[in-house]
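The file my_file30.cif contains mmCIF, C-alpha atoms:
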```
data_upload
loop_
_atom_site.label_atom_id
_atom_site.label_comp_id
_atom_site.auth_asym_id
_atom_site.auth_seq_id
_atom_site.Cartn_x
_atom_site.Cartn_y
_atom_site.Cartn_z
CA MET V 1 -21.86 -3.12 -27.91
CA GLY V 2 -18.57 -3.80 -29.59
CA ASN V 3 -17.07 -6.27 -32.00
CA VAL V 4 -17.20 -9.26 -29.59
CA GLU V 5 -20.98 -9.14 -29.92
CA ARG V 6 -20.52 -10.52 -33.46
CA CYS V 7 -19.27 -13.76 -31.97
CA ASP V 8 -21.26 -16.85 -32.90
CA LYS V 9 -20.61 -19.00 -29.86
CA THR V 10 -21.94 -22.09 -31.65
CA LEU V 11 -19.54 -21.89 -34.58
CA PRO V 12 -17.43 -25.10 -34.80
CA LEU V 13 -14.30 -23.05 -35.53
CA ASN V 14 -14.69 -21.33 -32.15
CA GLU V 15 -14.61 -24.76 -30.53
CA MET V 16 -11.74 -26.01 -32.64
CA ILE V 17 -9.23 -23.28 -31.76
CA PHE V 18 -9.62 -23.99 -28.05
CA TYR V 19 -8.46 -27.58 -28.52
CA VAL V 20 -5.79 -26.93 -31.14
CA ARG V 21 -4.12 -24.31 -29.01
CA ARG V 22 -3.63 -26.60 -26.03
CA ASP V 23 -2.52 -29.71 -27.90
CA ALA V 24 0.91 -29.93 -29.54
CA ALA V 25 -0.17 -32.80 -31.82
CA LEU V 26 -3.14 -30.80 -33.13
CA ARG V 27 -0.92 -27.75 -33.63
CA GLU V 28 1.32 -29.91 -35.76
CA ARG V 29 -1.66 -31.12 -37.79
CA TRP V 30 -2.71 -27.51 -38.28
CA LYS V 31 0.40 -27.18 -40.46
CA THR V 32 0.13 -30.49 -42.29
CA ASP V 33 -3.57 -31.34 -42.49
CA LEU V 34 -5.77 -28.32 -41.87
CA GLU V 35 -8.49 -29.69 -44.09
CA GLY V 36 -8.70 -32.98 -42.16
CA LEU V 37 -8.74 -31.10 -38.88
CA ALA V 38 -11.53 -28.86 -40.16
CA ARG V 39 -13.56 -31.89 -41.16
CA GLU V 40 -13.12 -33.58 -37.79
CA PHE V 41 -14.27 -30.50 -35.93
CA GLY V 42 -17.29 -30.13 -38.21
CA LEU V 43 -16.38 -26.83 -39.87
CA SER V 44 -18.55 -25.76 -42.77
CA ARG V 45 -16.94 -25.39 -46.18
CA GLU V 46 -17.26 -21.63 -45.78
CA GLU V 47 -15.44 -21.69 -42.44
CA HIS V 48 -12.68 -23.90 -43.79
CA GLU V 49 -12.12 -21.74 -46.86
CA ALA V 50 -11.97 -18.50 -44.91
CA LEU V 51 -9.55 -20.17 -42.50
CA ARG V 52 -7.39 -21.57 -45.29
CA ASP V 53 -7.30 -18.12 -46.93
CA LYS V 54 -6.39 -16.49 -43.60
CA ASP V 55 -9.23 -14.09 -44.37
CA ILE V 56 -9.53 -12.28 -41.06
CA ARG V 57 -12.34 -9.96 -42.08
CA ARG V 58 -14.48 -12.82 -43.37
CA LEU V 59 -13.81 -14.93 -40.29
CA ASN V 60 -14.75 -12.01 -38.06
CA ASP V 61 -17.95 -11.36 -40.00
CA MET V 62 -18.75 -15.07 -39.76
CA GLY V 63 -18.66 -14.93 -35.98
CA VAL V 64 -15.24 -16.28 -35.02
CA HIS V 65 -14.39 -14.74 -31.67
CA GLN V 66 -11.98 -11.87 -32.26
CA TYR V 67 -9.47 -13.18 -29.73
CA TYR V 68 -9.29 -16.44 -31.66
CA LEU V 69 -8.55 -14.47 -34.85
CA SER V 70 -5.26 -13.39 -33.33
CA GLN V 71 -4.62 -17.01 -32.28
CA ILE V 72 -5.38 -18.27 -35.79
CA LEU V 73 -2.82 -15.89 -37.24
CA ARG V 74 -0.23 -16.94 -34.69
CA LEU V 75 -0.89 -20.59 -35.53
CA PHE V 76 -0.13 -19.74 -39.16
CA TYR V 77 2.71 -17.26 -38.75
CA GLY V 78 4.28 -18.14 -35.38
CA ALA V 79 3.87 -16.61 -31.95
CA ALA V 80 7.31 -15.29 -31.07
CA PHE V 81 8.10 -11.55 -30.99
CA ASN V 82 4.54 -10.59 -31.94
CA THR V 83 5.30 -6.89 -32.58
CA ASN V 84 3.22 -4.61 -34.78
CA ALA V 85 5.60 -5.53 -37.63
CA HIS V 86 4.98 -9.30 -37.26
CA PRO V 87 3.34 -11.00 -40.29
CA ALA V 88 0.32 -11.82 -38.08
CA LEU V 89 -0.20 -8.11 -37.47
CA ASP V 90 0.47 -7.24 -41.11
CA ALA V 91 -2.50 -9.47 -41.90
CA TYR V 92 -4.61 -7.24 -39.64
CA LYS V 93 -3.39 -4.09 -41.33
CA ARG V 94 -4.47 -5.57 -44.66
CA ALA V 95 -7.84 -6.72 -43.33
CA TYR V 96 -8.65 -3.45 -41.55
CA PRO V 97 -6.72 -0.63 -43.26
CA GLU V 98 -9.09 2.15 -42.20
CA GLU V 99 -9.23 1.17 -38.54
CA THR V 100 -5.47 0.70 -38.53
CA ALA V 101 -4.82 4.10 -40.13
CA ARG V 102 -7.09 5.80 -37.59
CA ALA V 103 -5.37 4.06 -34.69
CA MET V 104 -1.91 4.94 -35.91
CA ALA V 105 -2.85 8.55 -36.61
CA ALA V 106 -4.31 8.88 -33.12
CA ALA V 107 -1.16 7.51 -31.62
CA GLY V 108 1.06 9.64 -33.82
CA GLN V 109 3.57 6.85 -34.07
CA VAL V 110 3.98 3.72 -36.12
CA ARG V 111 6.15 1.11 -34.51
CA MET X 112 -10.14 -13.59 9.99
CA ALA X 113 -7.90 -12.89 7.04
CA ARG X 114 -6.87 -9.35 6.37
CA ILE X 115 -6.35 -7.45 3.13
CA VAL X 116 -2.98 -5.73 3.34
CA ALA X 117 -2.43 -4.50 -0.21
CA ALA X 118 -4.51 -3.76 -3.29
CA MET X 119 -3.16 -2.87 -6.70
CA ALA X 120 -3.83 -3.16 -10.41
CA ALA X 121 -1.77 -3.35 -13.57
CA THR X 122 -1.97 -3.99 -17.28
CA HIS X 123 -0.84 -7.45 -18.42
CA SER X 124 -0.29 -6.98 -22.15
CA PRO X 125 1.97 -9.67 -23.67
CA GLY X 126 4.20 -6.95 -25.09
CA LEU X 127 5.31 -6.16 -21.55
CA THR X 128 7.40 -9.32 -21.67
CA GLY X 129 7.26 -10.52 -25.30
CA TRP X 130 8.47 -7.38 -27.12
CA PHE X 131 9.04 -4.91 -24.32
CA GLU X 132 11.88 -3.01 -26.00
CA ARG X 133 9.72 -2.08 -29.00
CA ALA X 134 7.97 0.69 -27.03
CA PRO X 135 9.57 4.14 -26.76
CA LEU X 136 12.20 4.32 -24.05
CA ASP X 137 10.17 6.68 -21.85
CA GLN X 138 7.32 4.15 -21.78
CA GLN X 139 9.69 1.32 -20.90
CA THR X 140 11.12 3.39 -18.06
CA LEU X 141 7.67 4.32 -16.77
CA ALA X 142 6.45 0.72 -16.84
CA LEU X 143 9.50 -0.67 -15.09
CA GLY X 144 9.37 2.09 -12.47
CA ALA X 145 5.71 1.43 -11.75
CA PHE X 146 6.20 -2.34 -11.45
CA LYS X 147 9.13 -1.67 -9.12
CA GLU X 148 6.97 0.59 -6.97
CA MET X 149 4.25 -2.08 -6.86
CA GLN X 150 6.81 -4.66 -5.83
CA ARG X 151 8.11 -2.34 -3.10
CA ARG X 152 4.61 -1.83 -1.72
CA LEU X 153 3.93 -5.55 -1.93
CA GLU X 154 7.05 -6.36 0.08
CA LEU X 155 6.18 -3.73 2.68
CA ALA X 156 2.74 -5.28 3.12
CA ARG X 157 4.26 -8.74 3.86
CA PRO X 158 1.40 -10.73 2.34
CA ASP X 159 1.05 -14.47 3.01
CA VAL X 160 -0.85 -14.90 -0.23
CA VAL X 161 -1.80 -12.89 -3.31
CA ILE X 162 -5.21 -13.26 -4.94
CA ALA X 163 -4.83 -12.21 -8.57
CA PHE X 164 -7.85 -11.43 -10.75
CA SER X 165 -7.61 -11.55 -14.51
CA ASN X 166 -9.50 -12.18 -17.71
CA ASP X 167 -9.34 -15.77 -18.91
CA HIS X 168 -8.67 -15.29 -22.61
CA LEU X 169 -10.71 -18.31 -23.72
CA LEU X 170 -7.91 -20.46 -22.36
CA ASN X 171 -9.38 -22.53 -19.55
CA TRP X 172 -12.91 -23.15 -20.76
CA PRO X 173 -14.29 -24.01 -24.19
CA ILE X 174 -16.67 -21.45 -25.62
CA ASN X 175 -19.76 -23.63 -25.10
CA ASN X 176 -19.64 -23.15 -21.34
CA ILE X 177 -17.77 -20.15 -19.96
CA PRO X 178 -18.19 -19.31 -16.28
CA ASP X 179 -18.01 -15.71 -15.08
CA PHE X 180 -15.53 -16.54 -12.30
CA THR X 181 -13.04 -19.38 -11.85
CA VAL X 182 -10.75 -20.06 -8.89
CA GLY X 183 -7.48 -21.97 -9.22
CA ILE X 184 -7.42 -24.32 -6.22
CA GLY X 185 -4.23 -26.30 -6.99
CA GLU X 186 -1.30 -26.96 -4.64
CA GLU X 187 0.97 -25.38 -7.19
CA HIS X 188 0.52 -23.19 -10.25
CA VAL X 189 2.69 -23.71 -13.31
CA GLY X 190 2.81 -21.40 -16.28
CA PRO X 191 2.79 -20.13 -18.87
CA ALA X 192 0.77 -22.72 -20.79
CA ASP X 193 2.93 -24.20 -23.58
CA TRP X 194 1.24 -22.26 -26.36
CA PHE X 195 2.11 -18.98 -24.62
CA ASP X 196 5.71 -19.27 -23.49
CA GLU X 197 7.17 -18.32 -26.87
CA TRP X 198 4.69 -15.46 -27.26
CA LEU X 199 5.45 -14.09 -23.81
CA ALA X 200 9.17 -14.94 -24.01
CA LEU X 201 8.97 -16.32 -20.48
CA ASP X 202 10.49 -19.40 -18.93
CA LYS X 203 8.21 -21.75 -17.03
CA TYR X 204 7.52 -20.66 -13.47
CA ARG X 205 6.10 -22.48 -10.46
CA ILE X 206 4.23 -20.69 -7.69
CA PRO X 207 2.74 -22.41 -4.67
CA GLY X 208 -1.02 -22.20 -4.42
CA HIS X 209 -3.12 -21.76 -1.31
CA PRO X 210 -5.71 -24.53 -1.68
CA ALA X 211 -7.26 -23.98 1.74
CA LEU X 212 -8.13 -20.36 1.00
CA ALA X 213 -9.05 -21.07 -2.63
CA ARG X 214 -11.44 -23.89 -1.73
CA TYR X 215 -12.95 -21.80 1.04
CA ILE X 216 -13.71 -19.06 -1.48
CA VAL X 217 -15.44 -21.55 -3.81
CA ASN X 218 -17.57 -23.10 -1.08
CA GLU X 219 -18.40 -19.90 0.79
CA GLY X 220 -19.27 -18.30 -2.53
CA ALA X 221 -21.80 -21.06 -3.13
CA ARG X 222 -23.30 -20.50 0.34
CA ARG X 223 -23.76 -16.87 -0.66
CA ARG X 224 -25.46 -17.94 -3.92
CA LEU X 225 -22.43 -17.05 -5.98
CA HIS X 226 -21.03 -19.50 -8.53
CA PHE X 227 -17.27 -19.85 -8.64
CA ALA X 228 -16.11 -22.51 -11.05
CA TYR X 229 -12.79 -24.00 -10.01
CA LEU X 230 -9.82 -25.74 -11.57
CA ARG X 231 -7.18 -27.84 -9.88
CA ASP X 232 -4.89 -27.43 -12.89
CA MET X 233 -5.46 -23.96 -14.20
CA GLN X 234 -3.63 -22.87 -17.32
CA PHE X 235 -1.99 -19.46 -17.48
CA ASP X 236 -1.60 -16.95 -20.27
CA ASP X 237 -0.47 -13.31 -20.07
CA GLY X 238 -3.18 -12.47 -17.53
CA ILE X 239 -1.44 -14.10 -14.57
CA SER X 240 2.03 -14.67 -16.07
CA VAL X 241 2.92 -11.04 -16.78
CA PRO X 242 2.15 -9.64 -13.31
CA MET X 243 3.80 -12.64 -11.63
CA HIS X 244 6.92 -12.08 -13.73
CA TYR X 245 7.20 -8.49 -12.52
CA LEU X 246 5.79 -8.71 -8.99
CA ASN X 247 6.42 -12.24 -7.77
CA PRO X 248 9.34 -13.35 -9.94
CA GLU X 249 10.69 -15.97 -7.55
CA GLY X 250 7.23 -17.26 -6.70
CA ARG X 251 7.77 -16.59 -3.02
CA ILE X 252 4.23 -15.34 -2.41
CA PRO X 253 1.64 -18.14 -2.71
CA LEU X 254 -1.01 -17.42 -5.32
CA VAL X 255 -4.75 -17.86 -5.64
CA PRO X 256 -5.64 -17.05 -9.26
CA VAL X 257 -9.19 -16.00 -10.03
CA THR X 258 -10.18 -15.58 -13.66
CA LEU X 259 -13.12 -13.62 -15.02
CA ASN X 260 -14.93 -13.77 -18.32
CA CYS X 261 -14.22 -10.33 -19.78
CA THR X 262 -14.54 -11.22 -23.43
CA VAL X 263 -17.27 -13.71 -24.34
CA PRO X 264 -20.83 -12.32 -24.34
CA PRO X 265 -22.57 -12.09 -22.00
CA ILE X 266 -19.81 -10.27 -20.15
CA PRO X 267 -20.88 -9.72 -16.53
CA ALA X 268 -22.01 -6.21 -15.68
CA PRO X 269 -19.70 -3.96 -13.63
CA GLU X 270 -22.20 -3.60 -10.78
CA HIS X 271 -22.44 -7.40 -10.51
CA VAL X 272 -18.66 -7.75 -10.49
CA TYR X 273 -18.40 -5.05 -7.83
CA HIS X 274 -21.02 -6.92 -5.81
CA VAL X 275 -18.94 -10.09 -6.11
CA GLY X 276 -16.05 -8.05 -4.72
CA THR X 277 -18.11 -7.09 -1.66
CA LEU X 278 -19.10 -10.74 -1.14
CA LEU X 279 -15.47 -11.73 -1.41
CA ARG X 280 -14.63 -9.13 1.22
CA ASP X 281 -17.12 -10.85 3.56
CA ILE X 282 -15.74 -14.28 2.68
CA LEU X 283 -12.16 -13.24 3.44
CA ARG X 284 -13.25 -11.64 6.67
CA ALA X 285 -14.92 -14.89 7.71
CA TYR X 286 -11.94 -17.08 6.75
CA PRO X 287 -10.72 -19.09 9.74
CA GLY X 288 -7.08 -18.09 9.38
CA ASP X 289 -5.12 -14.90 9.95
CA GLU X 290 -3.56 -14.68 6.51
CA ARG X 291 -2.36 -11.34 5.24
CA ILE X 292 -3.81 -11.04 1.74
CA ALA X 293 -2.72 -8.93 -1.21
CA VAL X 294 -5.25 -8.46 -4.00
CA LEU X 295 -4.11 -7.73 -7.51
CA ALA X 296 -6.20 -6.82 -10.54
CA SER X 297 -4.64 -7.66 -13.90
CA GLY X 298 -5.76 -6.36 -17.29
CA GLY X 299 -6.90 -3.30 -19.22
CA LEU X 300 -6.73 -0.53 -20.00
CA SER X 301 -8.16 0.22 -23.47
CA HIS X 302 -7.39 -2.40 -26.11
CA GLU X 303 -9.21 -4.57 -28.61
CA PRO X 304 -7.22 -7.80 -28.90
CA GLY X 305 -7.87 -9.46 -32.24
CA GLY X 306 -10.62 -7.00 -33.21
CA PRO X 307 -10.69 -4.55 -36.13
CA ARG X 308 -9.17 -1.89 -33.85
CA TYR X 309 -6.26 -4.09 -32.74
CA PHE X 310 -3.84 -1.15 -32.87
CA TRP X 311 -6.13 1.30 -31.15
CA VAL X 312 -5.41 2.78 -27.72
CA ASP X 313 -8.12 5.08 -26.35
CA GLU X 314 -6.01 7.46 -24.32
CA ALA X 315 -8.95 9.75 -23.48
CA PHE X 316 -10.91 6.83 -22.01
CA ASP X 317 -7.91 5.55 -20.09
CA ARG X 318 -7.15 8.90 -18.50
CA TRP X 319 -10.84 9.37 -17.65
CA PHE X 320 -10.97 5.93 -15.99
CA LEU X 321 -7.77 6.49 -14.01
CA ASP X 322 -9.09 9.87 -12.90
CA LEU X 323 -12.22 8.17 -11.56
CA LEU X 324 -9.98 5.83 -9.54
CA ALA X 325 -7.94 8.78 -8.29
CA GLN X 326 -11.15 10.39 -7.07
CA GLY X 327 -12.16 7.19 -5.30
CA ASP X 328 -15.91 7.66 -5.77
CA HIS X 329 -17.08 4.09 -6.31
CA ALA X 330 -20.73 4.95 -6.92
CA ARG X 331 -19.85 7.43 -9.62
CA LEU X 332 -17.45 5.01 -11.29
CA LEU X 333 -20.11 2.30 -11.39
CA ARG X 334 -22.67 4.75 -12.71
CA GLU X 335 -20.46 6.08 -15.52
CA CYS X 336 -18.13 3.23 -16.44
CA THR X 337 -20.70 0.98 -18.08
CA LEU X 338 -20.00 -2.10 -20.17
CA GLU X 339 -20.98 -0.10 -23.24
CA ARG X 340 -18.46 2.63 -22.38
CA MET X 341 -15.69 0.07 -21.92
CA GLU X 342 -16.62 -1.78 -25.11
CA ALA X 343 -16.55 1.50 -27.05
CA ALA X 344 -12.98 2.05 -25.87
CA GLY X 345 -11.86 -1.34 -27.25
CA SER X 346 -14.06 -4.39 -27.56
CA GLY X 347 -13.26 -7.58 -25.70
CA GLY X 348 -10.21 -6.12 -23.98
CA THR X 349 -11.07 -2.92 -22.14
CA CYS X 350 -13.64 -4.94 -20.16
CA GLU X 351 -10.68 -6.52 -18.38
CA LEU X 352 -11.08 -3.48 -16.16
CA LEU X 353 -13.80 -5.59 -14.53
CA ALA X 354 -10.92 -7.15 -12.56
CA TRP X 355 -10.03 -3.65 -11.35
CA ILE X 356 -13.67 -3.00 -10.46
CA LEU X 357 -13.76 -6.22 -8.40
CA VAL X 358 -10.65 -5.16 -6.48
CA LEU X 359 -12.11 -1.68 -6.09
CA ALA X 360 -14.75 -3.23 -3.82
CA LEU X 361 -11.93 -4.31 -1.48
CA THR X 362 -10.67 -0.73 -1.13
CA THR X 363 -11.90 2.63 0.01
CA GLY X 364 -10.79 6.07 -1.08
CA PRO X 365 -8.57 7.22 -3.91
CA ALA X 366 -5.99 5.16 -5.78
CA ASP X 367 -2.46 6.33 -6.46
CA ILE X 368 -1.90 6.38 -10.21
CA LEU X 369 1.63 5.04 -10.54
CA ALA X 370 1.94 5.29 -14.31
CA TYR X 371 0.06 5.54 -17.59
CA MET X 372 1.33 4.92 -21.12
CA PRO X 373 -0.74 4.90 -24.33
CA ALA X 374 1.47 2.07 -25.55
CA VAL X 375 0.59 1.33 -29.17
CA ALA X 376 3.70 -0.84 -29.46
CA TRP X 377 2.21 -3.14 -26.81
CA ARG X 378 -1.28 -2.66 -28.36
CA CYS X 379 -2.69 -1.65 -24.98
CA GLY X 380 -3.38 1.35 -22.81
CA THR X 381 -0.95 0.54 -20.03
CA GLY X 382 -1.39 1.61 -16.44
CA MET X 383 -0.53 0.73 -12.85
CA VAL X 384 -2.30 1.86 -9.67
CA ALA X 385 -2.18 1.09 -5.96
CA TRP X 386 -4.70 1.80 -3.23
CA ASN X 387 -3.77 3.02 0.23
CA ASP X 388 -6.99 2.44 2.12
CA LEU X 389 -8.37 -1.05 2.22
CA ALA X 390 -11.85 -2.20 3.08
CA ALA X 391 -11.99 -3.35 6.69
#
```

So, in terms of structure tokens, how does the structure I just supplied come out?
Amino acid sequence: MGNVERCDKTLPLNEMIFYVRRDAALRERWKTDLEGLAREFGLSREEHEALRDKDIRRLNDMGVHQYYLSQILRLFYGAAFNTNAHPALDAYKRAYPEETARAMAAAGQVR
Amino acid sequence: MARIVAAMAATHSPGLTGWFERAPLDQQTLALGAFKEMQRRLELARPDVVIAFSNDHLLNWPINNIPDFTVGIGEEHVGPADWFDEWLALDKYRIPGHPALARYIVNEGARRRLHFAYLRDMQFDDGISVPMHYLNPEGRIPLVPVTLNCTVPPIPAPEHVYHVGTLLRDILRAYPGDERIAVLASGGLSHEPGGPRYFWVDEAFDRWFLDLLAQGDHARLLRECTLERMEAAGSGGTCELLAWILVLALTTGPADILAYMPAVAWRCGTGMVAWNDLAA
């Protein structure tokens, strides 16, 4: 099976994103007090550090659901006009250069 | 006895509204043309209600307890959810629900040993918002949204989802009302949202899948289009084709392929189909 099979459904971070995303006050705290938020949701030190570092590859390996990785990046970098040139997508290109190069070569276009 | 009067399927990638103009012009033209053709067919069918099937992208249920199927039973549906309106570049919309039909589906499902979770206040992301924007922009057709788990393991198997489609066909047939029902599958084709292959579109898979629909051989499609095959073509996203497979059970015969675009700019194999022959 594919990458979603890496998901650790019991990881506190996978619970936390669900609630942050639907609550404007928590989204605000994401910007001002990520560490406090992480503590309240019971994240491990490892989870919090990978999150703080926006380390997509590490978070994925840790078992954060891949869909939430894209949400995490949008929480950090903003959600509007989420094109392939958006900083959130640039973070992906840095985390997965080989996969990205293969995808772009197959498509024959970089936009 | 309600009657199915239209069946179609389309991709719902957020790029279709959020950054539409970043795709090559020919893809934009194809997409708009296909949505227009779907809208034309929908109007011709004069549905009283549309049942729309889509992946719930971890929006409505926390990850500790994700149902396979969820029915929105509210009097009115309002979207997109706040977190998504900027991403989708969409204004808020309001679409009347059809609580009588929605609640009937939940309860009759249970009597057939099928679990439909339900929500009175369902939240909406791209899955329902994008097709409603293009096909039901004024919210004139009442909506019953049904979400599927296409992304959190265990993802339901295609043959189970198809079976749920056949049960739903029986449920609609037994409904004590003469509603004309349109069914709409939303999602797919190949994509891996948030995964290492985020930019990957598997054009060969997409064309193969669409060809299976054009042939209309359900047994062969179920035999060959396994979860593993879909996951290989883009993990956690391509499985949204489960919504198409559910709707397939409400049709017979070949689908018309209205358009296909390997749209890397929208990070999604993008396609639209409509069926002509509907299950009695």

**Prompt:** So which one's closest to Met243 in chain X, X:His123, X:His226, X:His302, X:Arg340? Using all atoms listed in the file, please.
**Reply:** X:His123

**Asked** Quick one: which residues from chain V are at most 7 Å off chain X, using all atoms listed in the file, as a list in words?
**Response**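 In the required form, that comes to Met1, Gly2, Asn3, Val4, Glu5, Lys9, Asn14, Glu15, Phe18, Arg21, Arg22, Gln66, Tyr67, Leu69, Ser70, Ala79, Ala80, Phe81, Asn82, Thr83, Asn84, Tyr96, Glu99, Thr100, Ala103, Ala107 and Arg111 of chain V.
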
**Item:** Atom-to-atom span, CA of Asp159 in chain X and CA of Arg291 in chain X, Å
**Value:**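 Rounded to one decimal, the two atoms are 5.1 Å apart.
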
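Residues in contact with range 246-254 of chain X at 8 Å, where only C-alpha atoms are counted and same-chain residues fewer than 5 positions away are skipped, are listed as Phe146, Lys147, Met149, Gln150, Leu153, Pro158, Asp159, Val160, Val161, Ile162, Ala163, His188, Tyr204, Arg205, Ile206, Pro207, Gly208 and His209 of chain X.
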
**Request:** Show which residues sit within 9 Å of Tyr286 in chain X, as a list in words. Count all atoms listed in the file, and ignore same-chain residues fewer than 6 positions away.
**Result:**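 Contacts, with the query itself left out: Met112, Ala113, Leu212, Tyr215 and Ile216 of chain X.
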
**Asked** Neighbours of range 41-54 of chain V within 7 Å (all atoms listed in the file; same-chain residues fewer than 5 positions away dropped), as a list in words?
**Response** Pro12, Leu13, Met16 and Leu59 of chain V

**Item:** Non-local contacts of Asn218 in chain X (12 Å; only C-alpha atoms; under 5 positions in same chain excluded) as a PyMOL selection string
**Value:** chain X and resi 182+184+210-213+223-229+279+282+286

List every protein, DNA or RNA residue that has at least one atom no more than 10 Å from (-2.0, -15.3, -36.7) in the file's coordinates, counting all atoms listed in the file, and write the result as a PDB file with C-alpha atoms, in the coordinates of the input.
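Result written to result16.pdb:
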```pdb
ATOM      1  CA  LYS V  54      -6.390 -16.490 -43.600  1.00  0.00           C
ATOM      2  CA  ILE V  56      -9.530 -12.280 -41.060  1.00  0.00           C
ATOM      3  CA  TYR V  68      -9.290 -16.440 -31.660  1.00  0.00           C
ATOM      4  CA  LEU V  69      -8.550 -14.470 -34.850  1.00  0.00           C
ATOM      5  CA  SER V  70      -5.260 -13.390 -33.330  1.00  0.00           C
ATOM      6  CA  GLN V  71      -4.620 -17.010 -32.280  1.00  0.00           C
ATOM      7  CA  ILE V  72      -5.380 -18.270 -35.790  1.00  0.00           C
ATOM      8  CA  LEU V  73      -2.820 -15.890 -37.240  1.00  0.00           C
ATOM      9  CA  ARG V  74      -0.230 -16.940 -34.690  1.00  0.00           C
ATOM     10  CA  LEU V  75      -0.890 -20.590 -35.530  1.00  0.00           C
ATOM     11  CA  PHE V  76      -0.130 -19.740 -39.160  1.00  0.00           C
ATOM     12  CA  TYR V  77       2.710 -17.260 -38.750  1.00  0.00           C
ATOM     13  CA  GLY V  78       4.280 -18.140 -35.380  1.00  0.00           C
ATOM     14  CA  ALA V  79       3.870 -16.610 -31.950  1.00  0.00           C
ATOM     15  CA  ASN V  82       4.540 -10.590 -31.940  1.00  0.00           C
ATOM     16  CA  HIS V  86       4.980  -9.300 -37.260  1.00  0.00           C
ATOM     17  CA  PRO V  87       3.340 -11.000 -40.290  1.00  0.00           C
ATOM     18  CA  ALA V  88       0.320 -11.820 -38.080  1.00  0.00           C
ATOM     19  CA  LEU V  89      -0.200  -8.110 -37.470  1.00  0.00           C
ATOM     20  CA  ASP V  90       0.470  -7.240 -41.110  1.00  0.00           C
ATOM     21  CA  ALA V  91      -2.500  -9.470 -41.900  1.00  0.00           C
ATOM     22  CA  TYR V  92      -4.610  -7.240 -39.640  1.00  0.00           C
TER      23      TYR V  92
ATOM     24  CA  GLY X 305      -7.870  -9.460 -32.240  1.00  0.00           C
TER      25      GLY X 305
END
```

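When CA of Ala121 in chain X is paired with CA of Ser297 in chain X, their separation reads 5.2 Å.
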
**Contact residues around Ala330 in chain X with all atoms listed in the file at 12 Å, ignoring same-chain residues under 3 positions, as a list in words** = Pro269, Glu270, Tyr273, His274, Leu323, Leu324, Gln326, Gly327, Leu333, Arg334, Glu335, Cys336, Thr337, Ile356, Leu359, Ala360, Thr363 and Gly364 of chain X

**Request:** Choose the residue, out of X:Ala268, X:Ala117, X:Val255, X:Ala354, that has the smallest atom-to-atom separation from Gly183 in chain X; count all atoms listed in the file.
**Result:**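 The shortest atom-to-atom distance to Gly183 in chain X comes from X:Val255.
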
**Request:** Work out how far CA of Ser301 in chain X is from CA of Leu259 in chain X, in Å to one decimal.
**Result:**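 According to the coordinates, CA of Leu259 in chain X and CA of Ser301 in chain X are separated by 17.0 Å.
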
**Asked** In terms of the shortest atom-to-atom distance over all atoms listed in the file, which of X:Ala285, X:Cys379, X:Val275, X:Ala370 is closest to Leu127 in chain X?
**Response**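 For Leu127 in chain X, the nearest of the candidates is X:Cys379.
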
Kindly list the centre and edge lengths in Å, rounded to one decimal, for the axis-aligned box that covers all listed atoms of range 354-363 of chain X plus 3 Å on each of its six sides, as lines of an AutoDock Vina configuration file.
```
center_x = -12.4
center_y = -2.3
center_z = -6.3
size_x = 10.7
size_y = 15.8
size_z = 18.6
```

**Fill in**
From the list V:Arg39, V:Lys93, V:Arg102, V:His65, the nearest residue to Thr10 in chain V using all atoms listed in the file is V:His65

As a PDB file, in the frame of the given file, the rebuilt range 240-248 of chain X with N, CA and C atoms:
```pdb
ATOM      1  N   SER X 240       0.577 -14.519 -15.895  1.00  0.00           N
ATOM      2  CA  SER X 240       2.030 -14.670 -16.070  1.00  0.00           C
ATOM      3  C   SER X 240       2.767 -13.334 -16.048  1.00  0.00           C
ATOM      4  N   VAL X 241       2.201 -12.316 -16.701  1.00  0.00           N
ATOM      5  CA  VAL X 241       2.920 -11.040 -16.780  1.00  0.00           C
ATOM      6  C   VAL X 241       3.051 -10.372 -15.397  1.00  0.00           C
ATOM      7  N   PRO X 242       1.957 -10.246 -14.638  1.00  0.00           N
ATOM      8  CA  PRO X 242       2.150  -9.640 -13.310  1.00  0.00           C
ATOM      9  C   PRO X 242       3.017 -10.483 -12.378  1.00  0.00           C
ATOM     10  N   MET X 243       2.947 -11.813 -12.482  1.00  0.00           N
ATOM     11  CA  MET X 243       3.800 -12.640 -11.630  1.00  0.00           C
ATOM     12  C   MET X 243       5.273 -12.457 -11.992  1.00  0.00           C
ATOM     13  N   HIS X 244       5.542 -12.307 -13.286  1.00  0.00           N
ATOM     14  CA  HIS X 244       6.920 -12.080 -13.730  1.00  0.00           C
ATOM     15  C   HIS X 244       7.505 -10.815 -13.091  1.00  0.00           C
ATOM     16  N   TYR X 245       6.681  -9.765 -13.036  1.00  0.00           N
ATOM     17  CA  TYR X 245       7.200  -8.490 -12.520  1.00  0.00           C
ATOM     18  C   TYR X 245       7.082  -8.355 -11.002  1.00  0.00           C
ATOM     19  N   LEU X 246       6.076  -8.976 -10.410  1.00  0.00           N
ATOM     20  CA  LEU X 246       5.790  -8.710  -8.990  1.00  0.00           C
ATOM     21  C   LEU X 246       6.123  -9.869  -8.064  1.00  0.00           C
ATOM     22  N   ASN X 247       6.198 -11.058  -8.607  1.00  0.00           N
ATOM     23  CA  ASN X 247       6.420 -12.240  -7.770  1.00  0.00           C
ATOM     24  C   ASN X 247       7.359 -13.183  -8.517  1.00  0.00           C
ATOM     25  N   PRO X 248       8.517 -12.622  -8.964  1.00  0.00           N
ATOM     26  CA  PRO X 248       9.340 -13.350  -9.940  1.00  0.00           C
ATOM     27  C   PRO X 248       9.918 -14.652  -9.390  1.00  0.00           C
TER      28      PRO X 248
END
```
